[in-house]
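Q: Here's a structure for you.
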Amino acid sequence: MEELVGAIVRGIGIGSTYALLAVGFVIIYRATEVINFAQPALMILGAYFTALFATRIGWPFPVAVLAAMLATAAVGALTERIALRPMVGQPPFSAAVVTVGVFIVLFVVANRLIGQDVLTVGDPWGLERMDLLGVSVFRVDVAKVVLSMAAIVGVSVFLKYARAGLAMRATSLDQETALAQGIDVGRMFGLAWSLSALLAGLAGMLIGTGAGGVDTTTALVALKALPVIILGGLDSIRGSVIAGLVIGTAESLTRAYAADVAPVLGANFDVVVPYAIMILVLMVRPYGLFGTPEVQRV
Amino acid sequence: MSVSRALRRGRPELYTDYAADQAIWNTPAKRASTAVIVLAAFAMPFLLQRDLLTLLTLVAVYAIGGIGLNLVSGYAGQVSLGHAFFLGLGAYTAAFLGGFGTGSVRGLELDMLVWLPVSGLVPAVVGFVVAPVAARVRGLYLAILTLGVLFVGEHVFKEARSFTGGAGVGRASAEPILFGVDLYERRTVLGFELDGTVNLYLLCLVALIVLAVLARNLARSRYGRAFSAVRDRDIAAEIMGVSLLRTKTLAFTVSSFYAGIAGALLSVVLGQVTPEKWNLLLSIDFLAVVLLGGVATITGPIIGAAFVVLLPRVVEGVAPYVPFVSQTIGGAGIVNVFQLQTMLFGALIIVFLIVEPRGLFGIWLRVRNYFKAWPFSY
């Protein structure tokens, strides 16, 4: 029982991080119809910046996290301006491949910055446990859930009520009409990338907390947000959150039980569980659980 | 209905029937240049050093895989990030059929005549099975679905130890024994001295030429036109009587066949194949071969393969003359050679997609058209 609860809590913790990354993908997809494959690199840069500000320079942790998020957002905005803005009007897939190129470049930069070390982000949670409704859980998992959900709610509120959020939603509905209403569409793209990178920066910090630490292979964790966005539907923030939690929990449960229950699946099957779930769901629902089917005219 | 030679002189694009218009080599210049390039390719073993020849072998292998990816992604518009999985499948099929069995892995030690075609057929069958699922989803959903296939496939490779050697270990590749003749043996044929490197190069070159001509023929047949129709507007294609399911299935099957052959040859060139080799980065390599070479062309992936394979080598050659690049990992300098290679690779993908989406083949077209229209600029 204890093991089950522990696995579920860990799953929800990691799942909310996936959700955070996935919402970043969704924001960019809704604005520009592009999947941003550079998100993993942005995430690891976020982790690097946090480690730089918090442990090397020694700023207080909350300040360091905010500064790292802003720094990542700046990288995101810059990327959009240099590499993605010229792709406006090109097929979405070409633009998506441009982000693959961006990923490669930023990943090398991150590798160069991090080097062979394993960075610690200097979080205050460590390996401490706390009591939650009578169950002992890691504080870091609770922190992951709380911070991720707060950030996602914050972004949703921004998109729903802020003037710039309204402009962003208008842009994603119809770029030309938005332009005709006096919205600077290019700036909205930049804003979408900044917001997305902001979330990626936070996610990078969360991935680096606890026992983990950040090295260069951590970036691959962010690729698990891809099945999450497909499962939830490319354009649904609600879908991302639900799918993130589902996939995080499924992964964590597999890690805890697969070796005993189904050894035939082999070692480390938890790594491919997100993709397996995604493939199964796509066979039934080609646009994910909450995605909007594409309306096509001939 | 042929026109007299005198009439055709100076009119290379005068066609009097559809067959001539649709021919692969529809102008004398194309015929001549293709012949020269093929002859030059066959002369390479006697002009180049061994290590460069191995690189050229890799170019041929990457070109085969790139042509396969171009059939499904370039011509038929079905984006696949799972290409590396099908290469791996071909490699392990080849290693199982043609490799030596040891205590840890199985091998049947069959002739290349068996393992080379079968290493294409097995991925083709898997592609045929996966295609109906892939045909249900479109665009970026498909890209990520195929990415999922790649990750699940990598897991299967790591677990199927008796075939693949398992994670981090891998196994030796198939033995290139064709008609009972070991290609690694050194021998003299018609006065030419042939050793393993040369034989392997010639083998890959012949495979490339055969498969490239086949692909070009497929692309200009009714099936190839169906591919393009599905890519350009799938609903319109369906209304015109093109079966989406059948067309997409054919594209995936043929593409997987090419990938399997490329994987089998690649494993032979590399000698040892680990399950980690067939990962996302290899898929991105092939994506780059197609995009940098030229989407929906056959010549394009060949140029692209040369570019992708030879670029690291060129960077290595130039690096000593660039001040801020260090030669070793952890050396002084802002970046090392390997980081520079990877960064250039990424940057080139970005630059090409922004500046010349038709790739290197597009640049060639521009050059050609300039001289064709010379002295007029339009």
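A note on labels: chains of the structure tokens are A, B, ... as shown, every chain counts residues from 1, and ligands are counted from 1 in their shown order.
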Using only C-alpha atoms, find which residues of chain B lie within 7 Å of chain A and jot them down as number ranges by chain.
A: B: 133, 136-137, 140-141, 144-145, 148, 151-152, 159, 235-236, 339, 342-343, 346-347, 349-350, 353-354
Q: I'd like the neighbourhood of Leu119 of chain A as a PyMOL selection string, where a residue qualifies if any of its atoms comes within 7 Å (using only C-alpha atoms), though same-chain residues fewer than 5 positions away should be ignored.
A: chain A and resi 51+213-215
Q: From the DSSP assignment of the backbone, select every residue of segment 179-250 of chain B that is helix (DSSP H, G or I), and format the answer as a ChimeraX atom specification.
A: /B:196-219,222-232,234-239,244-250
Q: Please identify the strand (DSSP E or B) residues within segment 90-336 of chain B (assignment by DSSP from backbone atoms) and present them as an MDAnalysis selection string.
A: chainID B and resid 171:172 177:178 181:182 187:189 192:194 272:273 325:326 335:336
Q: Please provide as a ChimeraX atom specification all residues within 9 Å of segment 198-207 of chain A, with the sequence filter that same-chain residues fewer than 6 positions apart are discarded (counting only C-alpha atoms).
A: /A:14,17-18,20-21,23-24,39-51,65-66,68-74,76,121,123,140,143-144,147-148,151-152,213-214,218-219,221-222
Q: Residues near Pro275 of chain B, anyone? I mean within 6 Å using only C-alpha atoms, not counting same-chain ones fewer than 3 positions away, as a list in words.
A: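 Here the qualifying residues turn out to be Phe157, Lys158 and Ala167 of chain B.
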Q: Neighbours of Val242 of chain B within 9 Å (only C-alpha atoms; same-chain residues fewer than 4 positions away dropped), as a list in words?
A: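 Listing them by chain and then by number gives Ala226, Ala229, Val230, Asp234, Ala236, Ala237, Glu238, Arg246 and Thr247 of chain B.
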Q: Looking at only C-alpha atoms, which of A:Val5, A:Ala31, A:Ala197, A:Ala250 is the one that sits closest to Asp174 of chain A?
A: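 Result for the nearest residue to Asp174 of chain A: A:Ala31.
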Q: Using only C-alpha atoms, which protein or nucleic acid residues come within 10 Å of segment 94-102 of chain B? Drop anything in the same chain fewer than 5 positions from it, and give the result as a ChimeraX atom specification.
A: /B:88-89,107-120,122,162-164,171-177,260-261,263-265,267-268,272-273
Q: Could you jot down the atom CA of Tyr201 of chain B to atom CA of Leu214 of chain B separation for me, Å, one decimal place?
A: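 Atom-to-atom, atom CA of Tyr201 of chain B to atom CA of Leu214 of chain B, that is 19.8 Å.
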